[in-house]
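Student: One file: protein_6.pdb (PDB, C-alpha atoms and all ligand atoms).
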```
ATOM      1  CA  MET A 183       2.353 -69.289  23.186
ATOM      2  CA  PRO A 184       2.685 -68.268  26.839
ATOM      3  CA  SER A 185       1.689 -69.995  30.071
ATOM      4  CA  LEU A 186      -1.130 -68.727  32.271
ATOM      5  CA  GLU A 187      -1.721 -68.897  36.006
ATOM      6  CA  ILE A 188      -5.479 -69.198  36.535
ATOM      7  CA  HIS A 189      -7.074 -68.589  39.908
ATOM      8  CA  ALA A 190      -9.301 -71.560  40.627
ATOM      9  CA  GLU A 191     -10.492 -73.923  43.291
ATOM     10  CA  PRO A 192      -9.174 -75.932  44.991
ATOM     11  CA  GLU A 193      -6.011 -74.039  43.999
ATOM     12  CA  ALA A 194      -4.509 -71.961  41.199
ATOM     13  CA  ILE A 195      -3.387 -73.869  38.123
ATOM     14  CA  SER A 196      -0.730 -73.054  35.546
ATOM     15  CA  ILE A 197      -1.400 -74.042  31.924
ATOM     16  CA  LYS A 198       0.480 -73.754  28.652
ATOM     17  CA  LEU A 199      -1.831 -72.265  26.038
ATOM     18  CA  ALA A 200      -0.303 -74.348  23.247
ATOM     19  CA  LYS A 201      -1.092 -77.533  25.191
ATOM     20  CA  THR A 202      -4.606 -76.562  26.263
ATOM     21  CA  ALA A 203      -7.818 -77.026  24.281
ATOM     22  CA  VAL A 204     -11.081 -75.222  24.958
ATOM     23  CA  VAL A 205     -13.968 -77.673  24.653
ATOM     24  CA  MET A 206     -17.517 -76.414  24.074
ATOM     25  CA  ILE A 207     -19.838 -79.256  25.020
ATOM     26  CA  ASP A 208     -23.188 -79.534  23.220
ATOM     27  CA  MET A 209     -24.146 -75.845  22.936
ATOM     28  CA  GLN A 210     -26.839 -77.050  20.545
ATOM     29  CA  ARG A 211     -30.265 -75.716  19.632
ATOM     30  CA  ASP A 212     -31.698 -79.065  20.795
ATOM     31  CA  PHE A 213     -30.640 -78.243  24.355
ATOM     32  CA  LEU A 214     -30.886 -74.447  24.445
ATOM     33  CA  GLU A 215     -33.945 -73.632  22.338
ATOM     34  CA  PRO A 216     -37.620 -74.531  22.758
ATOM     35  CA  GLY A 217     -38.873 -77.523  20.780
ATOM     36  CA  GLY A 218     -35.736 -79.651  21.047
ATOM     37  CA  PHE A 219     -34.482 -82.625  23.025
ATOM     38  CA  GLY A 220     -34.058 -80.708  26.288
ATOM     39  CA  GLU A 221     -37.622 -79.478  26.285
ATOM     40  CA  SER A 222     -38.898 -82.924  25.234
ATOM     41  CA  LEU A 223     -37.551 -84.219  28.555
ATOM     42  CA  GLY A 224     -39.683 -81.685  30.424
ATOM     43  CA  ASN A 225     -37.005 -79.062  31.048
ATOM     44  CA  ASP A 226     -37.139 -75.254  31.061
ATOM     45  CA  VAL A 227     -34.491 -74.566  28.414
ATOM     46  CA  SER A 228     -34.255 -70.850  29.280
ATOM     47  CA  LEU A 229     -32.188 -71.875  32.316
ATOM     48  CA  LEU A 230     -29.222 -72.582  30.040
ATOM     49  CA  ALA A 231     -29.151 -69.126  28.417
ATOM     50  CA  ALA A 232     -26.975 -67.571  31.148
ATOM     51  CA  ALA A 233     -23.969 -69.575  29.936
ATOM     52  CA  ILE A 234     -24.045 -68.153  26.391
ATOM     53  CA  GLY A 235     -22.531 -64.706  27.129
ATOM     54  CA  PRO A 236     -19.609 -65.998  29.219
ATOM     55  CA  CYS A 237     -18.903 -68.726  26.611
ATOM     56  CA  LYS A 238     -18.878 -66.101  23.851
ATOM     57  CA  ALA A 239     -16.490 -63.835  25.784
ATOM     58  CA  LEU A 240     -14.183 -66.766  26.476
ATOM     59  CA  LEU A 241     -14.296 -67.947  22.856
ATOM     60  CA  ASP A 242     -13.417 -64.465  21.589
ATOM     61  CA  ALA A 243     -10.403 -64.325  23.913
ATOM     62  CA  VAL A 244      -9.042 -67.823  23.303
ATOM     63  CA  ARG A 245      -9.458 -67.484  19.532
ATOM     64  CA  GLN A 246      -7.335 -64.321  19.722
ATOM     65  CA  GLN A 247      -4.697 -66.317  21.577
ATOM     66  CA  GLY A 248      -4.727 -68.932  18.789
ATOM     67  CA  MET A 249      -5.808 -71.728  21.150
ATOM     68  CA  LEU A 250      -7.388 -74.928  19.884
ATOM     69  CA  VAL A 251     -11.188 -74.808  20.212
ATOM     70  CA  ILE A 252     -13.185 -78.033  19.868
ATOM     71  CA  HIS A 253     -16.979 -78.222  19.766
ATOM     72  CA  THR A 254     -19.112 -81.271  20.470
ATOM     73  CA  ARG A 255     -22.657 -82.102  19.443
ATOM     74  CA  GLU A 256     -24.691 -84.932  20.904
ATOM     75  CA  GLY A 257     -26.688 -86.692  18.191
ATOM     76  CA  HIS A 258     -27.352 -89.811  16.189
ATOM     77  CA  LEU A 259     -27.074 -90.994  12.607
ATOM     78  CA  PRO A 260     -30.292 -90.614  10.592
ATOM     79  CA  ASP A 261     -30.782 -94.414  10.604
ATOM     80  CA  MET A 262     -30.212 -94.349  14.384
ATOM     81  CA  SER A 263     -27.864 -97.334  14.176
ATOM     82  CA  ASP A 264     -25.723 -95.623  16.834
ATOM     83  CA  ALA A 265     -28.613 -94.991  19.234
ATOM     84  CA  HIS A 266     -29.041 -97.616  21.914
ATOM     85  CA  LYS A 267     -32.617 -98.756  22.511
ATOM     86  CA  ALA A 268     -31.979 -98.098  26.207
ATOM     87  CA  LYS A 269     -31.317 -94.418  25.418
ATOM     88  CA  VAL A 270     -34.141 -93.922  22.908
ATOM     89  CA  GLU A 271     -36.892 -95.524  24.948
ATOM     90  CA  ARG A 272     -37.084 -92.894  27.669
ATOM     91  CA  GLY A 273     -39.411 -90.000  28.328
ATOM     92  CA  ASP A 274     -42.638 -89.089  26.569
ATOM     93  CA  PRO A 275     -43.078 -91.565  23.655
ATOM     94  CA  SER A 276     -44.411 -88.792  21.367
ATOM     95  CA  VAL A 277     -41.224 -86.698  21.558
ATOM     96  CA  ARG A 278     -38.356 -89.139  21.597
ATOM     97  CA  ILE A 279     -34.983 -89.096  19.808
ATOM     98  CA  GLY A 280     -35.540 -89.434  16.046
ATOM     99  CA  GLN A 281     -39.091 -88.082  16.056
ATOM    100  CA  MET A 282     -40.040 -84.925  14.158
ATOM    101  CA  GLY A 283     -40.110 -81.682  16.132
ATOM    102  CA  PRO A 284     -40.159 -77.974  15.245
ATOM    103  CA  MET A 285     -36.386 -78.048  14.581
ATOM    104  CA  GLY A 286     -36.387 -81.314  12.616
ATOM    105  CA  ARG A 287     -35.846 -84.848  13.915
ATOM    106  CA  ILE A 288     -34.872 -84.653  17.572
ATOM    107  CA  LEU A 289     -31.137 -85.146  18.238
ATOM    108  CA  ILE A 290     -30.418 -86.433  14.721
ATOM    109  CA  ARG A 291     -27.236 -85.371  12.936
ATOM    110  CA  GLY A 292     -27.773 -82.865  10.168
ATOM    111  CA  GLU A 293     -31.098 -81.593  11.523
ATOM    112  CA  PRO A 294     -31.362 -77.877  12.426
ATOM    113  CA  GLY A 295     -31.951 -78.652  16.114
ATOM    114  CA  GLN A 296     -28.804 -80.741  16.410
ATOM    115  CA  ASP A 297     -26.593 -77.874  15.269
ATOM    116  CA  ILE A 298     -24.772 -75.410  17.491
ATOM    117  CA  ILE A 299     -26.509 -72.159  18.444
ATOM    118  CA  PRO A 300     -25.596 -69.208  16.180
ATOM    119  CA  GLU A 301     -23.989 -67.195  19.026
ATOM    120  CA  LEU A 302     -21.307 -69.843  19.557
ATOM    121  CA  TYR A 303     -21.052 -71.224  16.040
ATOM    122  CA  PRO A 304     -17.721 -72.919  15.211
ATOM    123  CA  GLN A 305     -15.264 -71.000  13.088
ATOM    124  CA  ALA A 306     -13.591 -72.538  10.041
ATOM    125  CA  GLY A 307     -10.938 -75.026  11.131
ATOM    126  CA  GLU A 308     -12.367 -75.697  14.601
ATOM    127  CA  PRO A 309     -13.098 -79.429  14.986
ATOM    128  CA  VAL A 310     -16.722 -80.393  15.620
ATOM    129  CA  ILE A 311     -17.138 -83.800  17.271
ATOM    130  CA  ASP A 312     -20.442 -85.585  16.738
ATOM    131  CA  LYS A 313     -20.920 -87.899  19.695
ATOM    132  CA  PRO A 314     -23.611 -90.512  20.260
ATOM    133  CA  GLY A 315     -23.079 -90.581  24.015
ATOM    134  CA  LYS A 316     -22.859 -88.128  26.862
ATOM    135  CA  GLY A 317     -19.062 -88.112  27.024
ATOM    136  CA  ALA A 318     -16.884 -86.671  24.243
ATOM    137  CA  PHE A 319     -14.500 -89.652  24.239
ATOM    138  CA  TYR A 320     -17.001 -92.481  23.661
ATOM    139  CA  ALA A 321     -17.152 -93.580  19.985
ATOM    140  CA  THR A 322     -15.552 -90.389  18.633
ATOM    141  CA  GLU A 323     -12.273 -89.041  17.214
ATOM    142  CA  PHE A 324     -11.942 -86.613  20.159
ATOM    143  CA  GLU A 325      -8.926 -88.227  21.830
ATOM    144  CA  SER A 326      -7.001 -88.655  18.578
ATOM    145  CA  ILE A 327      -7.458 -84.918  17.879
ATOM    146  CA  LEU A 328      -6.168 -84.071  21.375
ATOM    147  CA  GLN A 329      -3.167 -86.349  20.880
ATOM    148  CA  ALA A 330      -2.391 -85.034  17.398
ATOM    149  CA  ASN A 331      -2.303 -81.497  18.833
ATOM    150  CA  GLY A 332      -0.200 -82.347  21.896
ATOM    151  CA  ILE A 333      -2.986 -81.337  24.265
ATOM    152  CA  GLU A 334      -2.497 -81.958  28.006
ATOM    153  CA  ASP A 335      -5.146 -79.752  29.614
ATOM    154  CA  LEU A 336      -8.771 -78.932  28.801
ATOM    155  CA  ILE A 337     -10.922 -75.904  29.577
ATOM    156  CA  VAL A 338     -14.388 -77.470  29.545
ATOM    157  CA  CYS A 339     -17.545 -75.395  28.990
ATOM    158  CA  GLY A 340     -21.079 -76.267  27.929
ATOM    159  CA  VAL A 341     -24.252 -78.033  28.871
ATOM    160  CA  THR A 342     -25.410 -79.668  30.893
ATOM    161  CA  THR A 343     -23.090 -79.436  33.867
ATOM    162  CA  GLU A 344     -24.013 -82.718  35.505
ATOM    163  CA  VAL A 345     -24.555 -84.752  32.328
ATOM    164  CA  CYS A 346     -22.355 -84.228  29.253
ATOM    165  CA  VAL A 347     -19.898 -81.806  30.865
ATOM    166  CA  HIS A 348     -19.400 -84.091  33.857
ATOM    167  CA  THR A 349     -19.185 -87.268  31.785
ATOM    168  CA  THR A 350     -16.545 -85.709  29.528
ATOM    169  CA  ILE A 351     -14.532 -84.418  32.492
ATOM    170  CA  ARG A 352     -14.600 -87.818  34.175
ATOM    171  CA  GLU A 353     -13.519 -89.539  30.952
ATOM    172  CA  ALA A 354     -10.749 -86.962  30.460
ATOM    173  CA  ASN A 355      -9.561 -87.196  34.062
ATOM    174  CA  ASP A 356      -9.139 -90.962  33.762
ATOM    175  CA  ARG A 357      -7.093 -90.444  30.596
ATOM    176  CA  GLY A 358      -4.665 -88.017  32.286
ATOM    177  CA  TYR A 359      -6.005 -84.662  31.095
ATOM    178  CA  ARG A 360      -6.304 -81.848  33.653
ATOM    179  CA  CYS A 361      -9.744 -80.231  33.358
ATOM    180  CA  ILE A 362     -10.458 -76.601  34.207
ATOM    181  CA  VAL A 363     -14.132 -75.695  34.380
ATOM    182  CA  PRO A 364     -15.371 -72.085  34.229
ATOM    183  CA  GLY A 365     -18.635 -72.557  36.086
ATOM    184  CA  ASP A 366     -20.410 -69.576  34.474
ATOM    185  CA  CYS A 367     -19.747 -71.143  31.046
ATOM    186  CA  CYS A 368     -21.758 -74.223  32.046
ATOM    187  CA  GLY A 369     -25.445 -74.664  32.788
ATOM    188  CA  SER A 370     -28.090 -77.099  33.903
ATOM    189  CA  TYR A 371     -31.879 -77.335  33.783
ATOM    190  CA  ILE A 372     -31.639 -78.141  37.486
ATOM    191  CA  PRO A 373     -29.745 -75.321  39.236
ATOM    192  CA  GLU A 374     -28.845 -77.361  42.310
ATOM    193  CA  PHE A 375     -27.303 -80.044  40.074
ATOM    194  CA  HIS A 376     -25.157 -77.323  38.446
ATOM    195  CA  GLU A 377     -23.949 -76.141  41.860
ATOM    196  CA  MET A 378     -23.391 -79.654  43.123
ATOM    197  CA  GLY A 379     -21.734 -80.702  39.856
ATOM    198  CA  LEU A 380     -19.157 -77.940  40.234
ATOM    199  CA  ARG A 381     -18.616 -78.788  43.894
ATOM    200  CA  MET A 382     -18.048 -82.448  42.996
ATOM    201  CA  ILE A 383     -15.311 -81.511  40.495
ATOM    202  CA  LYS A 384     -13.266 -79.416  42.923
ATOM    203  CA  ALA A 385     -13.858 -81.422  46.119
ATOM    204  CA  GLN A 386     -11.275 -83.726  47.665
ATOM    205  CA  GLY A 387      -8.316 -81.712  46.377
ATOM    206  CA  GLY A 388      -9.829 -81.375  42.889
ATOM    207  CA  ILE A 389     -10.773 -84.993  42.380
ATOM    208  CA  PHE A 390     -12.009 -84.353  38.818
ATOM    209  CA  GLY A 391     -10.417 -80.972  38.149
ATOM    210  CA  TRP A 392     -10.343 -77.242  38.850
ATOM    211  CA  VAL A 393     -13.307 -74.844  38.981
ATOM    212  CA  THR A 394     -12.985 -71.201  38.034
ATOM    213  CA  ASP A 395     -15.027 -68.664  36.002
ATOM    214  CA  SER A 396     -14.658 -66.864  32.686
ATOM    215  CA  GLN A 397     -13.581 -63.597  34.356
ATOM    216  CA  ARG A 398     -10.652 -65.243  36.087
ATOM    217  CA  ILE A 399      -9.489 -66.838  32.826
ATOM    218  CA  LEU A 400      -9.844 -63.550  30.937
ATOM    219  CA  ALA A 401      -7.953 -61.752  33.723
ATOM    220  CA  ALA A 402      -5.133 -64.290  33.474
ATOM    221  CA  MET A 403      -4.970 -63.512  29.729
ATOM    222  CA  GLY A 404      -4.610 -59.841  30.571
ATOM    223  CA  GLY A 405      -8.127 -58.948  29.420
TER     224      GLY A 405
HETATM  225  C1  LIG A 501     -28.138 -84.288  28.094
HETATM  226  C2  LIG A 501     -26.118 -83.109  27.596
HETATM  227  N1  LIG A 501     -28.378 -83.574  29.188
HETATM  228  N2  LIG A 501     -25.513 -82.499  26.593
HETATM  229  N3  LIG A 501     -27.084 -84.003  27.278
HETATM  230  O1  LIG A 501     -28.867 -85.188  27.775
HETATM  231  O2  LIG A 501     -25.846 -82.853  28.748
END
```
Would you write the structure of this file as structure tokens?
Ligand code: C5J
Tutor:
Amino acid sequence: MPSLEIHAEPEAISIKLAKTAVVMIDMQRDFLEPGGFGESLGNDVSLLAAAIGPCKALLDAVRQQGMLVIHTREGHLPDMSDAHKAKVERGDPSVRIGQMGPMGRILIRGEPGQDIIPELYPQAGEPVIDKPGKGAFYATEFESILQANGIEDLIVCGVTTEVCVHTTIREANDRGYRCIVPGDCCGSYIPEFHEMGLRMIKAQGGIFGWVTDSQRILAAMGG
């Protein structure tokens, strides 16, 4: 597999496709569709829809290149033994994690709402990491999958920019992975947090990583 030079901020970055994984963070119905966890927290979930098209275009391209694609889903075991009281007891008490909503129990593994949206559904063989926290590394097999595949760099997409995407990037950065973030493949319920989240990643010489967009990655792949 070849190397790619991707135009990005604060500077261009060269990656080896065989050593780079594309990580789709929490593109779940619970965050992107009405009636799920995102809406239960008072958010307008339609604000995340803009990221779906760019994520789909990127997925199509990286799958053609044979790159490793990993999906994550935030959620808890049906008995909620992995859900901290401090996390559950927030927001409107009638629509909290574990309670019944239009897409099943909110943010519970195996429920329709906790699954990934059809547009970006994982293909056979692509790992799906169920995570109880915001970051992909906490209490999951994520890092062992990266290590087993010789991964050094991550292209991180998903929602929401300032919560699960940021937490995962910060965890990855501290573990020595270089993170490249196509901003149009991420989204937030709070647009200024999305903008600021991207600025925080690339500031100070790229303190958490590199920011680019799907078009620049596709162009680097010759698309
Ligand atoms: C949130 C996430 N926002 N996937 N989760 O609670 O960002």
Student: Can you pull out every residue with an atom within 9 Å of ligand LIG 501 (chain A)? Use all atoms listed in the file and format it as an mmCIF file with C-alpha atoms, keeping the file's coordinate frame.
Tutor:
```
data_model
loop_
_atom_site.group_PDB
_atom_site.id
_atom_site.type_symbol
_atom_site.label_atom_id
_atom_site.label_comp_id
_atom_site.auth_asym_id
_atom_site.auth_seq_id
_atom_site.Cartn_x
_atom_site.Cartn_y
_atom_site.Cartn_z
ATOM 1 C CA ILE A 207 -19.838 -79.256 25.020
ATOM 2 C CA ASP A 208 -23.188 -79.534 23.220
ATOM 3 C CA MET A 209 -24.146 -75.845 22.936
ATOM 4 C CA GLN A 210 -26.839 -77.050 20.545
ATOM 5 C CA PHE A 213 -30.640 -78.243 24.355
ATOM 6 C CA PHE A 219 -34.482 -82.625 23.025
ATOM 7 C CA GLY A 220 -34.058 -80.708 26.288
ATOM 8 C CA LEU A 223 -37.551 -84.219 28.555
ATOM 9 C CA THR A 254 -19.112 -81.271 20.470
ATOM 10 C CA ARG A 255 -22.657 -82.102 19.443
ATOM 11 C CA GLU A 256 -24.691 -84.932 20.904
ATOM 12 C CA GLY A 315 -23.079 -90.581 24.015
ATOM 13 C CA LYS A 316 -22.859 -88.128 26.862
ATOM 14 C CA GLY A 317 -19.062 -88.112 27.024
ATOM 15 C CA GLY A 340 -21.079 -76.267 27.929
ATOM 16 C CA VAL A 341 -24.252 -78.033 28.871
ATOM 17 C CA THR A 342 -25.410 -79.668 30.893
ATOM 18 C CA THR A 343 -23.090 -79.436 33.867
ATOM 19 C CA GLU A 344 -24.013 -82.718 35.505
ATOM 20 C CA VAL A 345 -24.555 -84.752 32.328
ATOM 21 C CA CYS A 346 -22.355 -84.228 29.253
ATOM 22 C CA VAL A 347 -19.898 -81.806 30.865
ATOM 23 C CA HIS A 348 -19.400 -84.091 33.857
ATOM 24 C CA THR A 349 -19.185 -87.268 31.785
ATOM 25 C CA SER A 370 -28.090 -77.099 33.903
ATOM 26 C CA TYR A 371 -31.879 -77.335 33.783
#
```
Student: Excluding Pro304 of chain A and any residue of its chain fewer than 2 positions from it, enumerate the residues within 10 Å of it, using all atoms listed in the file, and give them as a list of chain:residue names.
Tutor: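 Residues near the query, excluding close chain neighbours: A:Met206, A:Leu241, A:Val251, A:Ile252, A:His253, A:Thr254, A:Ile298, A:Ile299, A:Pro300, A:Glu301, A:Leu302, A:Ala306, A:Gly307, A:Glu308, A:Pro309, A:Val310.
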Student: Identify which of the residues A:Val205, A:Leu230, A:Ile399, A:Leu328 lies closest to Ile351 of chain A, counting all atoms listed in the file when measuring atom-to-atom distances.
Tutor: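 Of the candidates, the smallest distance to Ile351 of chain A is held by A:Val205.
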Student: Return the single residue from A:Glu193, A:Glu353, A:Ile372, A:Ala239 that is closest to Gly224 of chain A, with distances computed using all atoms listed in the file.
Tutor: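 Checking each of A:Glu193, A:Glu353, A:Ile372, A:Ala239 against Gly224 of chain A, counting all atoms listed in the file, the winner is A:Ile372.
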Student: Give me the result of the PyMOL selection byres (((chain A and resi 269) around 12) and not hetatm) on this file, residue by residue, as a list of chain:residue names.
Tutor: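 Taken on the displayed file, the PyMOL selection byres (((chain A and resi 269) around 12) and not hetatm) yields the residues A:Gly257, A:His258, A:Met262, A:Asp264, A:Ala265, A:His266, A:Lys267, A:Ala268, A:Val270, A:Glu271, A:Arg272, A:Gly273, A:Arg278, A:Ile279, A:Gly280, A:Leu289, A:Pro314, A:Gly315, A:Lys316.
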Student: Please enclose the listed atoms of segment 218-222 of chain A in an axis-aligned box, pad each side by 6 Å, and write out the centre and the three edge lengths in Å, rounded to one decimal, as JSON.
Tutor:
```
{"center_x": -36.5, "center_y": -81.2, "center_z": 23.7, "size_x": 16.8, "size_y": 15.4, "size_z": 17.2}
```
Student: For the file shown, report as a list in words the outcome of the PyMOL selection byres (((chain A and resi 325) around 12) and not hetatm) at residue level.
Tutor: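 After applying the PyMOL selection byres (((chain A and resi 325) around 12) and not hetatm), what remains is Ala203, Ile252, Pro309, Ile311, Gly317, Ala318, Phe319, Tyr320, Ala321, Thr322, Glu323, Phe324, Ser326, Ile327, Leu328, Gln329, Ala330, Asn331, Gly332, Ile333, Glu334, Leu336, Thr350, Glu353, Ala354, Arg357, Gly358 and Tyr359 of chain A.
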Student: For the structure provided, state which residues fall under the PyMOL selection byres (((chain A and resi 362) around 7) and not hetatm), and present them as a PyMOL selection string.
Tutor: chain A and resi 336-338+360-361+363-364+391-393
Student: From the options A:Ser222, A:Pro192, A:Glu187, A:Arg287, which residue's atoms come nearest to Arg381 of chain A, counting only C-alpha atoms?
Tutor: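 Checking each of A:Ser222, A:Pro192, A:Glu187, A:Arg287 against Arg381 of chain A, counting only C-alpha atoms, the winner is A:Pro192.
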Student: Counting all atoms listed in the file, which of A:Leu250, A:Leu259, A:Val277, A:Ala243 gets nearest to Lys201 of chain A?
Tutor: A:Leu250
Student: What does the distance between atom CA of Arg352 of chain A and atom CA of Ile290 of chain A come to in Å, to one decimal place?
Tutor: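 Spanning atom CA of Arg352 of chain A to atom CA of Ile290 of chain A is a straight-line distance of 25.1 Å.
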